[in-house]
>>> print(open('data.txt').read())   # compact mmCIF, C-alpha atoms
# COMPACT_ATOMS: atom_id res chain seq x y z
CA MET H 1 93.70 28.02 101.23
CA ILE H 2 97.37 28.20 100.19
CA SER H 3 98.88 27.57 96.74
CA GLU H 4 100.43 24.11 96.79
CA ALA H 5 102.81 25.07 93.97
CA MET H 6 104.11 28.11 95.85
CA LEU H 7 104.28 26.16 99.12
CA LYS H 8 106.46 23.54 97.45
CA LEU H 9 108.79 26.20 96.05
CA GLY H 10 108.97 27.98 99.39
CA THR H 11 109.73 24.90 101.45
CA THR H 12 112.22 23.23 99.10
CA ARG H 13 115.67 24.78 98.84
CA SER H 14 117.67 24.43 95.67
CA CYS H 15 120.42 21.82 95.85
CA ILE H 16 122.93 24.68 95.69
CA ARG H 17 121.47 26.52 98.68
CA GLU H 18 121.10 23.27 100.61
CA LEU H 19 124.83 22.57 100.33
CA PHE H 20 125.69 26.18 101.14
CA GLU H 21 123.64 26.07 104.36
CA TYR H 22 125.18 22.71 105.27
CA GLY H 23 128.61 24.25 104.81
CA ASN H 24 127.77 27.06 107.21
CA GLN H 25 126.63 24.53 109.80
CA GLN H 26 129.78 22.46 109.41
CA ALA H 27 132.01 25.51 109.59
CA ALA H 28 130.64 26.23 113.05
CA ILE H 29 131.59 22.68 114.10
CA VAL H 30 134.93 21.95 112.39
CA GLY H 31 136.11 25.46 111.49
CA ARG H 32 135.65 27.36 108.23
CA GLU H 33 139.14 26.38 107.05
CA ASN H 34 138.12 22.71 107.09
CA VAL H 35 135.06 23.12 104.89
CA TYR H 36 135.71 23.16 101.14
CA ASP H 37 132.63 24.92 99.83
CA TYR H 38 132.28 25.04 96.03
CA SER H 39 128.50 25.39 96.09
CA LEU H 40 127.53 29.01 95.56
CA GLY H 41 128.35 31.25 92.61
CA ASN H 42 129.08 34.29 94.76
CA PRO H 43 131.77 36.66 93.39
CA SER H 44 134.98 36.33 95.38
CA ILE H 45 136.69 39.45 94.05
CA PRO H 46 135.67 42.88 95.37
CA ALA H 47 133.78 45.41 93.33
CA PRO H 48 136.08 47.80 91.44
CA ALA H 49 137.22 50.75 93.55
CA GLN H 50 135.35 53.11 91.24
CA VAL H 51 132.05 51.56 92.35
CA LYS H 52 132.62 52.56 95.97
CA ALA H 53 133.90 55.97 94.90
CA SER H 54 130.83 56.49 92.72
CA ILE H 55 128.44 55.52 95.52
CA ASN H 56 130.20 57.91 97.91
CA ALA H 57 130.13 60.70 95.36
CA ILE H 58 126.44 60.14 94.64
CA LEU H 59 125.62 60.27 98.34
CA ASP H 60 127.59 63.51 98.69
CA GLU H 61 126.55 65.24 95.48
CA VAL H 62 123.02 64.17 94.60
CA ASN H 63 119.83 65.32 96.26
CA SER H 64 118.69 62.63 98.69
CA LEU H 65 115.19 62.64 97.23
CA SER H 66 116.67 61.66 93.87
CA ILE H 67 118.87 58.99 95.42
CA HIS H 68 116.11 57.29 97.37
CA GLY H 69 113.01 58.26 95.40
CA TYR H 70 111.18 56.43 92.64
CA THR H 71 112.42 56.63 89.08
CA SER H 72 110.34 55.97 85.99
CA ALA H 73 109.14 52.37 85.95
CA PRO H 74 111.68 51.27 83.29
CA GLY H 75 114.47 53.19 85.04
CA ALA H 76 116.00 56.66 85.02
CA LEU H 77 116.54 57.94 81.49
CA ASP H 78 120.18 58.92 82.14
CA ALA H 79 120.98 55.41 83.39
CA ARG H 80 119.24 53.76 80.45
CA LYS H 81 121.11 56.06 78.07
CA ALA H 82 124.43 55.12 79.69
CA VAL H 83 123.67 51.43 79.14
CA ALA H 84 122.62 51.98 75.53
CA ASP H 85 125.70 54.11 74.79
CA ASP H 86 128.01 51.44 76.25
CA LEU H 87 126.42 48.67 74.17
CA ASN H 88 126.62 50.78 71.03
CA ALA H 89 130.28 51.63 71.61
CA ARG H 90 131.22 48.01 72.22
CA PHE H 91 129.12 46.18 69.65
CA ASP H 92 128.44 48.75 66.91
CA THR H 93 124.70 48.64 67.50
CA SER H 94 121.99 51.33 67.45
CA ILE H 95 120.25 50.63 70.75
CA ARG H 96 118.22 53.48 72.23
CA PRO H 97 117.49 54.21 75.90
CA GLU H 98 113.88 53.32 75.08
CA ASN H 99 115.02 49.74 74.37
CA ILE H 100 116.32 49.33 77.94
CA PHE H 101 114.27 48.31 80.98
CA LEU H 102 116.34 48.42 84.18
CA SER H 103 115.47 45.48 86.41
CA CYS H 104 116.11 44.24 89.94
CA GLY H 105 118.78 41.82 88.73
CA ALA H 106 118.75 39.13 86.04
CA ALA H 107 116.02 36.94 87.55
CA PRO H 108 113.21 39.53 87.27
CA ALA H 109 114.54 40.41 83.82
CA LEU H 110 114.17 36.78 82.69
CA ILE H 111 110.77 36.38 84.33
CA SER H 112 109.48 39.56 82.73
CA VAL H 113 110.47 38.36 79.26
CA ILE H 114 109.04 34.89 79.87
CA ARG H 115 105.72 36.34 81.09
CA ALA H 116 105.66 38.66 78.10
CA LEU H 117 105.81 35.61 75.82
CA ALA H 118 103.35 33.47 77.79
CA VAL H 119 100.63 33.06 75.20
CA GLU H 120 98.35 30.00 75.33
CA ASP H 121 100.33 26.71 75.16
CA ALA H 122 103.64 28.58 74.96
CA GLU H 123 106.86 26.60 75.30
CA ILE H 124 110.31 27.88 76.29
CA LEU H 125 113.39 25.80 75.51
CA ALA H 126 116.51 25.54 77.67
CA ILE H 127 119.73 23.85 76.60
CA ALA H 128 121.22 21.44 79.10
CA PRO H 129 123.14 22.07 81.22
CA PHE H 130 121.11 25.05 82.41
CA PHE H 131 120.71 27.18 85.53
CA PRO H 132 118.14 25.26 87.64
CA GLU H 133 115.99 28.31 88.37
CA TYR H 134 115.01 28.47 84.69
CA ARG H 135 112.54 25.68 85.34
CA PRO H 136 110.44 27.48 88.00
CA PHE H 137 110.84 30.77 86.12
CA VAL H 138 109.18 29.16 83.08
CA GLU H 139 106.73 26.73 84.69
CA ASN H 140 105.33 29.23 87.18
CA ASN H 141 104.96 32.04 84.67
CA GLY H 142 102.64 30.52 82.12
CA CYS H 143 104.88 28.45 79.85
CA LYS H 144 105.97 24.83 79.39
CA PHE H 145 109.65 24.12 80.09
CA VAL H 146 111.33 22.01 77.41
CA VAL H 147 114.90 20.68 77.79
CA VAL H 148 117.28 20.21 74.88
CA PRO H 149 119.64 17.33 75.84
CA ALA H 150 123.27 18.22 76.49
CA ASP H 151 126.34 17.77 74.37
CA THR H 152 128.25 16.11 77.20
CA GLN H 153 131.59 16.26 75.38
CA GLN H 154 132.05 19.94 74.52
CA PHE H 155 128.83 21.43 75.99
CA GLN H 156 128.00 23.27 72.81
CA ILE H 157 124.46 22.78 71.34
CA ARG H 158 123.15 19.58 69.79
CA MET H 159 121.40 21.14 66.82
CA ASP H 160 119.60 17.93 65.90
CA LYS H 161 118.04 17.69 69.36
CA LEU H 162 117.25 21.40 69.38
CA GLU H 163 115.42 21.10 66.07
CA GLU H 164 113.48 18.09 67.34
CA ALA H 165 112.34 20.08 70.38
CA ILE H 166 110.96 23.03 68.41
CA ASN H 167 107.30 23.01 67.43
CA SER H 168 104.54 25.48 66.65
CA HIS H 169 104.23 26.37 70.36
CA THR H 170 107.90 27.30 70.80
CA GLN H 171 108.18 30.94 71.77
CA ALA H 172 111.85 31.21 72.74
CA VAL H 173 115.13 29.51 73.52
CA ILE H 174 117.12 30.57 76.59
CA VAL H 175 120.81 30.90 75.73
CA ASN H 176 123.33 31.30 78.55
CA SER H 177 126.89 31.94 77.37
CA PRO H 178 129.30 31.97 79.16
CA ASN H 179 127.40 29.13 80.70
CA ASN H 180 126.39 28.28 84.23
CA PRO H 181 127.24 25.48 85.11
CA SER H 182 129.76 24.41 82.46
CA GLY H 183 131.82 27.58 82.06
CA VAL H 184 131.75 26.92 78.32
CA VAL H 185 131.38 29.79 75.86
CA TYR H 186 129.27 29.02 72.80
CA THR H 187 131.37 29.48 69.69
CA LYS H 188 130.31 31.85 66.93
CA GLU H 189 129.84 28.79 64.71
CA THR H 190 127.44 27.30 67.25
CA LEU H 191 125.44 30.51 67.46
CA VAL H 192 125.28 30.91 63.68
CA SER H 193 123.97 27.33 63.41
CA LEU H 194 121.43 28.10 66.13
CA ALA H 195 120.33 31.23 64.27
CA ASN H 196 119.90 29.23 61.06
CA VAL H 197 117.73 26.62 62.78
CA LEU H 198 115.55 29.24 64.48
CA THR H 199 115.17 31.28 61.29
CA ARG H 200 114.07 28.21 59.37
CA LYS H 201 111.67 27.07 62.09
CA ALA H 202 110.20 30.55 62.55
CA LYS H 203 109.43 30.66 58.83
CA GLU H 204 107.93 27.16 58.97
CA PHE H 205 105.59 28.00 61.86
CA GLY H 206 104.80 31.56 60.83
CA HIS H 207 105.87 33.38 63.99
CA PRO H 208 109.14 34.57 65.54
CA ILE H 209 111.11 32.30 67.84
CA TYR H 210 113.12 34.52 70.14
CA ILE H 211 116.45 33.97 71.81
CA ILE H 212 116.43 35.06 75.44
CA ALA H 213 120.13 35.75 76.01
CA ASP H 214 120.89 35.38 79.73
CA GLU H 215 124.22 37.19 80.04
CA PRO H 216 125.36 37.84 83.62
CA TYR H 217 128.79 36.36 82.80
CA ARG H 218 129.38 38.19 79.50
CA GLU H 219 132.55 39.92 80.76
CA LEU H 220 134.06 36.84 82.42
CA ALA H 221 136.05 35.14 79.67
CA TYR H 222 139.56 33.68 79.46
CA ASP H 223 142.27 32.68 77.00
CA GLY H 224 141.24 35.47 74.63
CA VAL H 225 137.98 33.71 73.78
CA GLU H 226 135.30 35.76 72.00
CA VAL H 227 131.91 36.10 73.64
CA SER H 228 129.68 36.84 70.67
CA PHE H 229 127.04 39.56 70.87
CA ILE H 230 124.06 37.43 69.93
CA PRO H 231 121.80 40.21 68.50
CA SER H 232 124.47 40.72 65.82
CA ILE H 233 123.99 37.08 64.79
CA TYR H 234 120.25 36.59 65.34
CA PRO H 235 118.02 39.69 65.14
CA ASP H 236 115.21 38.27 67.31
CA THR H 237 117.35 38.30 70.46
CA VAL H 238 116.30 39.84 73.77
CA ILE H 239 119.12 40.45 76.27
CA CYS H 240 118.80 39.89 80.01
CA TYR H 241 121.82 41.20 81.91
CA SER H 242 123.00 41.72 85.47
CA TRP H 243 125.97 43.53 87.01
CA SER H 244 126.05 40.92 89.79
CA LYS H 245 129.11 39.17 88.38
CA SER H 246 130.84 41.81 86.25
CA LEU H 247 130.90 44.39 89.08
CA SER H 248 130.61 41.91 92.00
CA LEU H 249 127.25 43.37 93.06
CA PRO H 250 124.91 40.37 93.47
CA GLY H 251 123.25 41.76 96.57
CA GLU H 252 122.42 45.10 94.95
CA ARG H 253 119.94 43.58 92.48
CA ILE H 254 120.52 45.64 89.36
CA GLY H 255 120.30 44.51 85.73
CA TYR H 256 118.32 45.13 82.57
CA VAL H 257 116.25 43.82 79.70
CA CYS H 258 117.19 45.06 76.23
CA VAL H 259 114.71 44.68 73.37
CA PRO H 260 116.45 46.13 70.28
CA ASP H 261 114.37 47.74 67.53
CA GLN H 262 115.38 44.95 65.14
CA VAL H 263 113.42 42.40 67.18
CA THR H 264 110.12 41.35 65.61
CA ASP H 265 107.26 43.26 67.24
CA SER H 266 109.84 45.04 69.39
CA ALA H 267 107.58 47.84 70.63
CA GLN H 268 104.84 45.44 71.65
CA LEU H 269 107.30 43.04 73.26
CA PHE H 270 108.95 45.84 75.23
CA ALA H 271 105.54 47.02 76.41
CA ALA H 272 104.68 43.46 77.43
CA VAL H 273 107.94 43.26 79.40
CA CYS H 274 106.92 46.46 81.17
CA GLY H 275 103.52 44.95 81.91
CA ALA H 276 105.03 41.73 83.22
CA ALA H 277 107.41 43.67 85.47
CA ARG H 278 104.41 45.59 86.77
CA ILE H 279 102.58 42.37 87.61
CA ILE H 280 105.53 40.86 89.50
CA GLY H 281 106.24 44.13 91.31
CA HIS H 282 109.70 44.75 89.86
CA VAL H 283 109.37 48.24 88.42
CA CYS H 284 111.79 50.99 89.44
CA ALA H 285 115.02 49.14 90.18
CA PRO H 286 116.97 50.46 93.22
CA SER H 287 117.55 54.13 92.49
CA LEU H 288 121.02 54.36 94.05
CA GLN H 289 122.19 51.41 91.99
CA GLN H 290 120.78 52.93 88.81
CA LEU H 291 122.86 56.03 89.46
CA THR H 292 125.89 53.86 90.29
CA VAL H 293 125.85 51.71 87.16
CA ALA H 294 125.30 54.83 85.04
CA ARG H 295 128.70 56.02 86.26
CA CYS H 296 130.36 52.58 86.16
CA VAL H 297 128.84 50.98 83.06
CA SER H 298 132.12 51.02 81.16
CA LEU H 299 134.07 49.21 83.89
CA ARG H 300 135.23 45.65 83.20
CA PRO H 301 136.18 43.11 85.87
CA ASP H 302 139.72 42.01 86.61
CA VAL H 303 139.33 38.25 86.12
CA GLU H 304 142.91 37.33 87.05
CA ALA H 305 141.88 35.69 90.35
CA TYR H 306 139.12 33.67 88.70
CA ASP H 307 141.50 32.63 85.93
CA ARG H 308 144.11 31.51 88.47
CA ASN H 309 141.50 29.39 90.27
CA ARG H 310 140.24 27.95 86.99
CA LYS H 311 143.70 26.88 85.88
CA THR H 312 144.64 25.44 89.27
CA LEU H 313 141.49 23.34 89.54
CA TYR H 314 141.38 22.24 85.91
CA ASP H 315 145.03 21.22 85.80
CA ALA H 316 144.88 19.37 89.12
CA LEU H 317 141.59 17.57 88.59
CA THR H 318 142.38 16.41 85.06
CA SER H 319 145.77 15.17 86.26
CA TYR H 320 143.95 13.04 88.86
CA GLY H 321 141.76 11.53 86.15
CA TYR H 322 138.62 13.68 86.27
CA GLU H 323 136.97 14.50 82.92
CA CYS H 324 135.88 18.06 82.21
CA ALA H 325 135.34 20.34 79.22
CA LYS H 326 137.79 23.17 79.81
CA PRO H 327 135.82 26.24 80.92
CA LYS H 328 136.51 29.42 78.96
CA GLY H 329 134.16 31.76 80.82
CA ALA H 330 132.06 32.43 83.93
CA PHE H 331 133.45 30.92 87.14
CA TYR H 332 132.35 27.31 87.07
CA MET H 333 133.58 23.87 86.08
CA PHE H 334 131.29 20.98 85.20
CA VAL H 335 133.02 17.70 85.93
CA LYS H 336 131.98 14.16 85.04
CA ALA H 337 131.37 12.21 88.23
CA PRO H 338 133.60 9.15 88.65
CA GLY H 339 131.25 6.20 88.59
CA GLY H 340 128.63 8.17 86.67
CA ASN H 341 126.32 9.09 89.55
CA ALA H 342 126.92 12.70 90.57
CA GLN H 343 124.49 12.61 93.50
CA ALA H 344 126.25 9.61 95.02
CA PHE H 345 129.65 11.18 94.41
CA SER H 346 128.53 14.48 95.90
CA ASP H 347 127.28 12.62 98.98
CA ARG H 348 130.68 10.93 99.37
CA ALA H 349 132.43 14.28 99.03
CA LYS H 350 130.06 15.83 101.56
CA GLU H 351 131.22 13.34 104.18
CA LYS H 352 134.66 14.94 103.85
CA ASN H 353 133.22 18.48 103.90
CA LEU H 354 133.88 18.91 100.19
CA LEU H 355 130.74 20.55 98.85
CA ILE H 356 130.16 20.06 95.12
CA VAL H 357 126.78 20.42 93.44
CA PRO H 358 125.33 17.33 91.69
CA GLY H 359 124.16 18.09 88.17
CA GLY H 360 120.68 16.56 88.17
CA ASP H 361 118.94 19.93 88.54
CA PHE H 362 121.15 21.29 85.73
CA GLY H 363 119.88 18.57 83.40
CA CYS H 364 123.05 16.43 83.58
CA PRO H 365 122.89 13.89 86.44
CA ASP H 366 126.31 12.42 85.59
CA PHE H 367 128.16 15.69 86.27
CA PHE H 368 128.84 17.95 89.22
CA ARG H 369 129.42 21.68 89.35
CA ILE H 370 132.32 23.46 91.04
CA SER H 371 132.23 27.20 91.58
CA THR H 372 135.70 28.62 91.05
CA SER H 373 134.83 31.97 92.67
CA VAL H 374 136.42 30.87 95.94
CA ASP H 375 139.51 31.50 98.02
CA HIS H 376 142.64 30.14 96.34
CA GLY H 377 143.94 28.81 99.62
CA MET H 378 140.79 26.72 100.02
CA ILE H 379 141.39 25.22 96.60
CA LEU H 380 144.90 24.13 97.58
CA ARG H 381 143.63 22.62 100.86
CA SER H 382 140.87 20.74 99.06
CA LEU H 383 142.92 19.12 96.30
CA PRO H 384 144.02 16.11 98.36
CA VAL H 385 140.35 15.36 99.02
CA PHE H 386 139.54 15.42 95.31
CA GLU H 387 142.49 13.09 94.67
CA GLU H 388 141.49 10.71 97.45
CA LEU H 389 137.88 10.53 96.24
CA ILE H 390 138.78 9.49 92.70
CA LYS H 391 141.40 7.00 93.90
CA THR H 392 138.93 5.32 96.23
CA GLN H 393 136.02 5.33 93.76
CA VAL H 394 134.66 1.78 93.46
>>> encode(input="data.txt", output="structure tokens")
Amino acid sequence: MISEAMLKLGTTRSCIRELFEYGNQQAAIVGRENVYDYSLGNPSIPAPAQVKASINAILDEVNSLSIHGYTSAPGALDARKAVADDLNARFDTSIRPENIFLSCGAAPALISVIRALAVEDAEILAIAPFFPEYRPFVENNGCKFVVVPADTQQFQIRMDKLEEAINSHTQAVIVNSPNNPSGVVYTKETLVSLANVLTRKAKEFGHPIYIIADEPYRELAYDGVEVSFIPSIYPDTVICYSWSKSLSLPGERIGYVCVPDQVTDSAQLFAAVCGAARIIGHVCAPSLQQLTVARCVSLRPDVEAYDRNRKTLYDALTSYGYECAKPKGAFYMFVKAPGGNAQAFSDRAKEKNLLIVPGGDFGCPDFFRISTSVDHGMILRSLPVFEELIKTQV
């Protein structure tokens, strides 16, 4: 017998991956330069030079058994200390190495926290638009997935709808800022309002309601916008982080969970995260990458290329008549589909080898996502197609 739920997940690609694979097939037919692929959020700037230099130095200087051997399950102490020291220096916190669990990227970090909170009848909230994988992360790890409807104008948080969604079973709210897919950064005012709602509801129901802060895009922000450090606003915040975007290392699978001491039941929650990671087989993140991020934790990405792409696309598309909240972070734009049906519009674009992701799986079926982490030349070649599509929209 085979699990039907797992079979369905294993045989159904995400809409993002489906478009990406289609793009590869078309590239072999019409040439890569004639496929305008905005599907995948893969960093398009190289890792900082210091990352390569650090890896080379580690390979030359460190005993090979240390490089390739197991570390402690939560990660090497020196690497965890480097992460804690960096957070403390940046955000004036008092995080200890013992608050850090190094993970195999952000996905296992999120799953470990979700499983740690999966008590009977537990519910986890996500604010639309949201990363589509949140749904299987929650539903297949013991919790009910609850969607808070989107603010489709500014893509902040509709506090009235959030409050309506919270009940006695609510364990946590996933907060992703800068946001995938909208590129919007939640303002400090938004986060303070969120904290007030959760504090009030936690008191009403007699148990903490945690924020799970999913932060792989924390360092990718533009126009001088502030990306608030959520634990400084709401004490019951658990951080899930990845260096996939900030250091352009998505294939190296390295991130962390941070459960600060200020979090309610922090010691028990951290232990439960460790237990969940043990169950899913994600203890001892890649040892070489632990050593690498320990040396590179203070590096910040050069976002100039992403910013250039963002400005080019936003200025061009809005001049053609597309509607879009201006992204201030990450490397995405979330655009209202002309005609209101993003799937139909995406299908029309696909016929012209313009690959844009319909927003149904993000919780917003009237919008489509564009990844701006692409080649600038491809953007320029694709703009006439965007213009033609909106001009010929019936």
>>> closest_atom_pairs(input="data.txt", of="segment 45-160 of chain H", to="segment 316-325 of chain H", cutoff="12 Å", atoms="all atoms listed in the file", output="Markdown table")
| residue | atom | partner | partner_atom | distance |
| --- | --- | --- | --- | --- |
| H:Asp151 | CA | H:Ala325 | CA | 10.5 |
| H:Thr152 | CA | H:Ala325 | CA | 8.5 |
| H:Gln153 | CA | H:Ala325 | CA | 6.7 |
| H:Gln154 | CA | H:Ala325 | CA | 5.8 |
| H:Phe155 | CA | H:Ala325 | CA | 7.3 |
| H:Gln156 | CA | H:Ala325 | CA | 10.2 |
>>> residues_around(input="data.txt", residues="Val273 of chain H", least_positions_apart="5", cutoff="8 Å", atoms="all atoms listed in the file", output="NGL selection string")
:H and (112-113 or 115-116)
>>> residues_around(input="data.txt", residues="Met333 of chain H", least_positions_apart="5", cutoff="7 Å", atoms="only C-alpha atoms", output="list in words")
Pro181, Ser182, Gly183, Pro327, Arg369, Ile370 and Ser371 of chain H
>>> write_last_selection(input="data.txt", atoms="C-alpha atoms", output="PDB file, keeping the file's coordinate frame")
ATOM      1  CA  PRO H 181     127.240  25.480  85.110  1.00  0.00           C
ATOM      2  CA  SER H 182     129.760  24.410  82.460  1.00  0.00           C
ATOM      3  CA  GLY H 183     131.820  27.580  82.060  1.00  0.00           C
ATOM      4  CA  PRO H 327     135.820  26.240  80.920  1.00  0.00           C
ATOM      5  CA  ARG H 369     129.420  21.680  89.350  1.00  0.00           C
ATOM      6  CA  ILE H 370     132.320  23.460  91.040  1.00  0.00           C
ATOM      7  CA  SER H 371     132.230  27.200  91.580  1.00  0.00           C
TER       8      SER H 371
END
>>> residues_around(input="data.txt", residues="Gly251 of chain H", least_positions_apart="4", cutoff="10 Å", atoms="all atoms listed in the file", output="PDB file with C-alpha atoms, in the frame of the given file")
ATOM      1  CA  ASN H  42     129.080  34.290  94.760  1.00  0.00           C
ATOM      2  CA  GLY H 105     118.780  41.820  88.730  1.00  0.00           C
ATOM      3  CA  SER H 244     126.050  40.920  89.790  1.00  0.00           C
TER       4      SER H 244
END
>>> residues_near_point(input="data.txt", point="(118.3, 38.8, 77.7)", cutoff="7 Å", atoms="all atoms listed in the file", output="VMD selection string")
chain H and resid 110 212 to 215 238 to 241 257 to 258
>>> residues_around(input="data.txt", residues="Ile45 of chain H", least_positions_apart="5", cutoff="8 Å", atoms="all atoms listed in the file", output="PyMOL selection string")
chain H and resi 248+305+373
>>> residues_near_point(input="data.txt", point="(138.8, 37.2, 86.6)", cutoff="10 Å", atoms="only C-alpha atoms", output="ChimeraX atom specification")
/H:43-45,219-222,246,300-310,329-331,373
>>> atom_distance(input="data.txt", atom1="atom CA of Val35 of chain H", atom2="atom CA of Ala47 of chain H")
25.1 Å
>>> residues_around(input="data.txt", residues="Pro108 of chain H", least_positions_apart="3", cutoff="12 Å", atoms="all atoms listed in the file", output="PyMOL selection string")
chain H and resi 101-105+111-116+133-134+137-138+141+214+240-242+253-257+273-274+276-285
>>> atom_distance(input="data.txt", atom1="atom CA of Pro235 of chain H", atom2="atom CA of Phe205 of chain H")
17.4 Å
>>> closest_residue(input="data.txt", among="H:Val225, H:Leu313, H:Leu77, H:Lys161", to="Met378 of chain H", atoms="only C-alpha atoms")
H:Leu313
>>> atom_distance(input="data.txt", atom1="atom CA of Ala122 of chain H", atom2="atom CA of Ile157 of chain H")
21.9 Å
>>> closest_residue(input="data.txt", among="H:Gln171, H:Ser298, H:Ser39, H:Ser64", to="Leu87 of chain H", atoms="all atoms listed in the file")
H:Ser298
>>> closest_residue(input="data.txt", among="H:Thr372, H:Ser94, H:Thr264, H:Ser14", to="Lys311 of chain H", atoms="all atoms listed in the file")
H:Thr372
>>> closest_residue(input="data.txt", among="H:Pro48, H:Gly206, H:Pro250, H:Gly377", to="Thr170 of chain H", atoms="only C-alpha atoms")
H:Gly206
>>> closest_residue(input="data.txt", among="H:Val148, H:Val335, H:Asn180, H:Ser287", to="Ile67 of chain H", atoms="all atoms listed in the file")
H:Ser287
